[in-house]
Structure formats: C-alpha cells, structure tokens
Amino acid sequence: MDEIIRQLIEAREKANLSLQDIVQRTKIPLRQLEFLESCQYDKIGPAVYVKGFIRRYAQEVGIDPDLLWEQETQVSVPPRKTRRSRRRPRFNLAPALRLGAIVTLLIIVGILIRTGLLTYFQPSPPAPPDIPPDLEEPAPVEPDEDEDPPAEVEPVLEAIQVTDKEAVYAVNNVEALEIVLEYSGKCWTRITADGEKIREGNFTAEQREELSGAKVYRFRFGAPAYVSVTVNGVKVEVPNQKKAFSLELRLKTDTE
C-alpha cells in the first residue's frame, strides 16, 4: 500500500498539483488526504474509505486505479527447489522423480494462471459511501428567504420650540441629517451649519438645495411660504407666510 501512495505523490508532483488542488477536484477533506499521503490509514477510517480515496486521487493525477490494484494483489510464487541426494539410490527412481517434477511444475503453472485470472477479472473496489457527517465540512447556512426583513425605523421630529417666528426640532432615529430645500417662488435664505454660515442669497422657483454632514442646521427664510423643507424623508411644517421665519434642525444623539 505504501508503494501505491508513493506513486500517487510522485504523479501529483509531476502534474504540478498541490494537495489543495486534489481537495477541490476530489471533494476529499484536506485532513483525510494528509493522513493518506503520510500512510496513516487507521486515522482515515474503514478500509473502504481508504480504497475509495486512493481511487479518486489516482484518477485526478492520471493513473489507472485498476493497475494500482493489480500491483497490490499480484502474487508471485517462487519455484520449488529440489535437493539432490548425495547417495545413489538403490533403486532407479529417475522416472518417479521426473514425474514428480512434472506434477510440481504443472501445479505451479496452474497457481500462476489462476492468480493472473483472478487479478484480471477482479472487480474494481466499490465507490466509498458518503462521507460521514463528522468528516464533512459544514455547509454554509443560507438565510431563510421566508423571513421578513427587519422593520426600518422611521425618523421622528421632536418639537422643542414652535412659534410663528421660529421653530426648533430634534431629529430622532437617524445617524446623520439629510435635508432637502425645494423652492416654488422667490425666497431669500441664509443657511448655517454647526454655527458657520455656508450660504446666503435669493433662491427662485424650481431651485433645490441638498445638505448633509452637519449636526445642527439653522435656516432664515425671508418668505417661508415658497420653500418646502424635508429632513431624512420627513416633511417639516413651516408657516405659510411671507414674513421672516427661522428654522433649526438638530441631530439628536443618545447622550441627549
């Protein structure tokens, strides 16, 4: 058996195949192949697994598995040696000895022929059964398609101060503020982000402004009736008036 393993390793190296390549082609676990190449057959399992693994291995490195088994099972019987007697027999035993030699030779020839026929007609070893669960690598767990995805948490506006001149809101359940300003008419606007003025001027109909990145936005609208404010997909109520109005939107954190 060790000679067969040596031939398999030489064939694999000659084909420039790594042990990992044999794993991918034969689906035999890497640990089992390591035991096989180190001739630790008792760690693989029953003999049927060992023969099945050798058969798969041989097919992938270009060796006929049946030839391997012929080498393993072939039996050679050495010719029987006859000892010559130093003493001259009293009677003429030459015919009997010749007959005995012929019979012995026929027996040896019969044994060799029988051995050759058994080897030739010997069936290939059966394919190994499925690898036991404890030897198989665990299959990845696929997500259950029937399970409902987790419900999304919608942003919530918490009114801190609301008057006809000013409104302050804290935005809950979001990681960052995403604000969209859409104008339907002329409206002077000043935009402040985290205390720093970033934009000021007149905006006209069909203009759009998108803002993100800051934790606190403050707006001063000259004519709030012509502007629509949306934060993280939630519309913010602003008074329908043409006099100045201030709006502040804050990102609410866990510490607040």
# chains A, B, ... in the order shown; residues from 1 in each chain; ligands from 1
>>> residues_around(residues="region 183-200 of chain A", least_positions_apart="4", cutoff="8 Å", atoms="only C-alpha atoms", output="PyMOL selection string")
chain A and resi 204-208+214-224+226-228
>>> atom_distance(atom1="CA of Leu67 (chain A)", atom2="CA of Leu118 (chain A)")
13.7 Å
>>> residues_around(residues="Val171 (chain A)", least_positions_apart="6", cutoff="8 Å", atoms="only C-alpha atoms", output="number ranges by chain")
A: 155-158, 177, 249-252
>>> closest_residue(among="A:Ile28, A:Ile4, A:Val50, A:Val238", to="Thr163 (chain A)", atoms="only C-alpha atoms")
A:Val238
>>> atom_distance(atom1="CA of Glu10 (chain A)", atom2="CA of Cys39 (chain A)")
14.5 Å
>>> closest_residue(among="A:Asn173, A:Val180, A:Asp164, A:Gly233", to="Phe245 (chain A)", atoms="only C-alpha atoms")
A:Asp164
>>> closest_residue(among="A:Asp2, A:Glu154, A:Glu175, A:Asp21", to="Tyr41 (chain A)", atoms="only C-alpha atoms")
A:Asp2
>>> residues_around(residues="Lys165 (chain A)", least_positions_apart="6", cutoff="9 Å", atoms="only C-alpha atoms", output="list in words")
Pro239, Lys243, Ala244, Phe245, Ser246 and Leu247 of chain A
>>> write_last_selection(atoms="N, CA and C atoms", output="compact mmCIF listing (two decimals), in the first residue's frame")
# COMPACT_ATOMS: atom_id res chain seq x y z
N PRO A 239 -44.52 77.79 8.42
CA PRO A 239 -45.73 78.62 8.26
C PRO A 239 -45.88 79.13 6.83
N LYS A 243 -43.51 86.58 5.78
CA LYS A 243 -42.60 87.29 6.67
C LYS A 243 -41.53 86.33 7.18
N ALA A 244 -40.45 86.90 7.69
CA ALA A 244 -39.27 86.11 8.04
C ALA A 244 -39.59 85.03 9.06
N PHE A 245 -38.88 83.89 8.90
CA PHE A 245 -39.08 82.74 9.79
C PHE A 245 -37.76 81.99 9.93
N SER A 246 -37.47 81.56 11.18
CA SER A 246 -36.23 80.82 11.46
C SER A 246 -36.57 79.36 11.77
N LEU A 247 -35.73 78.46 11.27
CA LEU A 247 -35.92 77.03 11.49
C LEU A 247 -34.58 76.40 11.86
>>> atom_distance(atom1="CA of Val153 (chain A)", atom2="CA of Glu210 (chain A)")
22.2 Å
>>> closest_atom_pairs(of="region 27-64 of chain A", to="region 12-15 of chain A", cutoff="9 Å", atoms="only C-alpha atoms", output="Markdown table")
| residue | atom | partner | partner_atom | distance |
| --- | --- | --- | --- | --- |
| A:Tyr57 | CA | A:Arg12 | CA | 8.9 |
| A:Ala58 | CA | A:Arg12 | CA | 8.9 |
| A:Glu60 | CA | A:Arg12 | CA | 8.4 |
| A:Val61 | CA | A:Arg12 | CA | 5.5 |
| A:Gly62 | CA | A:Arg12 | CA | 8.7 |
>>> residues_around(residues="Leu33 (chain A)", least_positions_apart="3", cutoff="12 Å", atoms="only C-alpha atoms", output="PyMOL selection string")
chain A and resi 5+8-9+18-24+26-30+36-41+43-44+49-50+52-54+56-57
